Each structure stands twice: as C-alpha cells, then as structure tokens.
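Please read the structure below before turning to the comments.
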Amino acid sequence: MTTIMRSIVRKALLALFLFAVLALANYYGLWPGNLKREIHLSEVGQESILRLTNIGAHRGAERIDILISGNIDGRAVVCQSIGGEKADVHEIGPGKVSQRMGGPWNSSSYTLQYKPIDAKNGQLKVRYNFRD
C-alpha cells in the first residue's frame, strides 16, 4: 500500500471514529443541547413543586423526557403541568419507583407537583432531558 493510500485510509477511519463518538454522545444525552438534568427529593413525606427549565439546552428542543426513580415506603401522586395546565397525573409507590413521563416541550414552564399520599420515608430522583 502506498503512503498516499495509507493516509487516505487513516483519515477515513478517523472520520468514522469521530462520527461514532458524536452519535453516541447525542444518543446518551451528552451533547450540549441534550444535557440530562437531575433533581433529588429526599423529603418524600412533604409536598414539592419542581419547575423544569431548558436553560442551557438548545432552543430547538421539542420534547421533554422524565424518569422518576427511587424507593418510597408509601404512595404518592405526581402531577405534570405544561404551561400552567394539568397534563397527566401518575400514582407512584410503594416500594421501588420507575415512572417515565414527558411530552411536547412547547412552553417555557413545565412543572411537576409531588404530593405524598401516605409516603413518609425514601428517596426519589427526577431525571429530565430535552430532545429534538
């Protein structure tokens, strides 16, 4: 193989490698516009209101994906509000929690309201991510 051919092959492999790294970074939410955010709820016996914002996310975000995970000793309700209007209500617990929710991002305000029914102890983590 000539040195010109080796140089072309090296450049093509480098381009493929960089493309693969960028594709994986975008898929796993590591791309600057798809930064995953995380909020911890340690006081699961108290009502909480979480306002989710897209500060730092790219302006073209059209969707929000949310995962609430953790463990609580009782039941609780999570209410989703988009632009001030209630969108969905989800009951979680008792025990292990893994609740997915989300929807279109067409508003500057997205709120999750956490209301314990009989949950007193545990921890929850709210992860959210903006997507195209």
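Just remember, in the structure tokens the first chain shown is A, the second B, etc., residues are 1-based per chain, and ligands are 1-based in the order shown.
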(Q) Which residues are near A:Ile72? Cut-off 8 Å, only C-alpha atoms, ignore same chain within fewer than 3 positions. Put them as a VMD selection string. (A) chain A and resid 44 75 93 to 97 119 to 124
Q.
Could you pull out the helix (DSSP H, G or I) residues of chain A, going by DSSP on the backbone, and write them as a ChimeraX atom specification?
A. /A:3-27,32-34
Got time to write the residues from that selection, N, CA and C atoms, as an mmCIF file, in the first residue's frame?
```
data_model
loop_
_atom_site.group_PDB
_atom_site.id
_atom_site.type_symbol
_atom_site.label_atom_id
_atom_site.label_comp_id
_atom_site.auth_asym_id
_atom_site.auth_seq_id
_atom_site.Cartn_x
_atom_site.Cartn_y
_atom_site.Cartn_z
ATOM 1 N N THR A 3 1.974 5.236 0.462
ATOM 2 C CA THR A 3 1.800 6.163 1.581
ATOM 3 C C THR A 3 0.565 7.042 1.391
ATOM 4 N N ILE A 4 0.211 7.346 0.160
ATOM 5 C CA ILE A 4 -0.990 8.152 -0.113
ATOM 6 C C ILE A 4 -2.238 7.366 0.274
ATOM 7 N N MET A 5 -2.265 6.083 -0.081
ATOM 8 C CA MET A 5 -3.403 5.240 0.262
ATOM 9 C C MET A 5 -3.533 5.087 1.786
ATOM 10 N N ARG A 6 -2.398 4.889 2.474
ATOM 11 C CA ARG A 6 -2.423 4.774 3.932
ATOM 12 C C ARG A 6 -2.955 6.050 4.570
ATOM 13 N N SER A 7 -2.552 7.163 4.044
ATOM 14 C CA SER A 7 -3.021 8.451 4.565
ATOM 15 C C SER A 7 -4.534 8.601 4.373
ATOM 16 N N ILE A 8 -5.041 8.203 3.221
ATOM 17 C CA ILE A 8 -6.481 8.286 2.947
ATOM 18 C C ILE A 8 -7.249 7.350 3.877
ATOM 19 N N VAL A 9 -6.742 6.132 4.057
ATOM 20 C CA VAL A 9 -7.402 5.161 4.933
ATOM 21 C C VAL A 9 -7.413 5.675 6.367
ATOM 22 N N ARG A 10 -6.293 6.229 6.858
ATOM 23 C CA ARG A 10 -6.222 6.779 8.214
ATOM 24 C C ARG A 10 -7.237 7.899 8.416
ATOM 25 N N LYS A 11 -7.328 8.794 7.430
ATOM 26 C CA LYS A 11 -8.274 9.918 7.533
ATOM 27 C C LYS A 11 -9.716 9.417 7.522
ATOM 28 N N ALA A 12 -10.009 8.412 6.705
ATOM 29 C CA ALA A 12 -11.362 7.854 6.656
ATOM 30 C C ALA A 12 -11.708 7.175 7.985
ATOM 31 N N LEU A 13 -10.772 6.417 8.549
ATOM 32 C CA LEU A 13 -11.014 5.770 9.842
ATOM 33 C C LEU A 13 -11.196 6.799 10.957
ATOM 34 N N LEU A 14 -10.422 7.852 10.934
ATOM 35 C CA LEU A 14 -10.556 8.914 11.929
ATOM 36 C C LEU A 14 -11.928 9.585 11.810
ATOM 37 N N ALA A 15 -12.362 9.855 10.597
ATOM 38 C CA ALA A 15 -13.677 10.466 10.383
ATOM 39 C C ALA A 15 -14.789 9.545 10.883
ATOM 40 N N LEU A 16 -14.700 8.249 10.608
ATOM 41 C CA LEU A 16 -15.692 7.290 11.099
ATOM 42 C C LEU A 16 -15.700 7.224 12.625
ATOM 43 N N PHE A 17 -14.528 7.240 13.225
ATOM 44 C CA PHE A 17 -14.423 7.206 14.678
ATOM 45 C C PHE A 17 -15.074 8.442 15.304
ATOM 46 N N LEU A 18 -14.767 9.622 14.762
ATOM 47 C CA LEU A 18 -15.346 10.862 15.288
ATOM 48 C C LEU A 18 -16.862 10.873 15.117
ATOM 49 N N PHE A 19 -17.348 10.390 13.996
ATOM 50 C CA PHE A 19 -18.789 10.308 13.769
ATOM 51 C C PHE A 19 -19.439 9.400 14.808
ATOM 52 N N ALA A 20 -18.812 8.251 15.082
ATOM 53 C CA ALA A 20 -19.357 7.305 16.063
ATOM 54 C C ALA A 20 -19.379 7.921 17.463
ATOM 55 N N VAL A 21 -18.327 8.637 17.848
ATOM 56 C CA VAL A 21 -18.271 9.281 19.162
ATOM 57 C C VAL A 21 -19.376 10.330 19.282
ATOM 58 N N LEU A 22 -19.550 11.148 18.263
ATOM 59 C CA LEU A 22 -20.597 12.175 18.301
ATOM 60 C C LEU A 22 -21.990 11.558 18.331
ATOM 61 N N ALA A 23 -22.203 10.485 17.579
ATOM 62 C CA ALA A 23 -23.508 9.818 17.571
ATOM 63 C C ALA A 23 -23.814 9.234 18.954
ATOM 64 N N LEU A 24 -22.831 8.601 19.590
ATOM 65 C CA LEU A 24 -23.039 8.048 20.928
ATOM 66 C C LEU A 24 -23.267 9.148 21.967
ATOM 67 N N ALA A 25 -22.538 10.248 21.860
ATOM 68 C CA ALA A 25 -22.731 11.365 22.791
ATOM 69 C C ALA A 25 -24.136 11.929 22.671
ATOM 70 N N ASN A 26 -24.647 12.039 21.458
ATOM 71 C CA ASN A 26 -26.013 12.531 21.258
ATOM 72 C C ASN A 26 -27.030 11.531 21.789
ATOM 73 N N TYR A 27 -26.829 10.250 21.539
ATOM 74 C CA TYR A 27 -27.761 9.211 21.969
ATOM 75 C C TYR A 27 -27.876 9.162 23.496
ATOM 76 N N PRO A 32 -24.218 18.892 24.131
ATOM 77 C CA PRO A 32 -24.576 20.089 24.901
ATOM 78 C C PRO A 32 -26.056 20.448 24.840
ATOM 79 N N GLY A 33 -26.730 20.205 23.748
ATOM 80 C CA GLY A 33 -28.145 20.525 23.650
ATOM 81 C C GLY A 33 -29.039 19.506 24.318
ATOM 82 N N ASN A 34 -28.515 18.355 24.679
ATOM 83 C CA ASN A 34 -29.330 17.299 25.290
ATOM 84 C C ASN A 34 -28.836 16.957 26.692
#
```
Q: Run DSSP on the backbone and grab whatever in stretch 39-112 of chain A lands in strand (DSSP E); send it over as a count of residues only.
A: 46
Q) When you draw a straight line from atom CA of A:Ile117 to atom CA of A:Lys86, how long is it in Å? A)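 Going from atom CA of A:Ile117 over to atom CA of A:Lys86, I get 18.7 Å.
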**Q.** For A:Ile92, the nearest of the candidates A:Thr2, A:Asn71, A:Thr111, A:Gln80, counting only C-alpha atoms
**A.**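 Smallest separation from A:Ile92 among the options: A:Asn71.
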Q | Counting only C-alpha atoms, the option among A:Trp105, A:Val126, A:Gln99, A:Ala87 closest to A:Leu50 | A | A:Val126
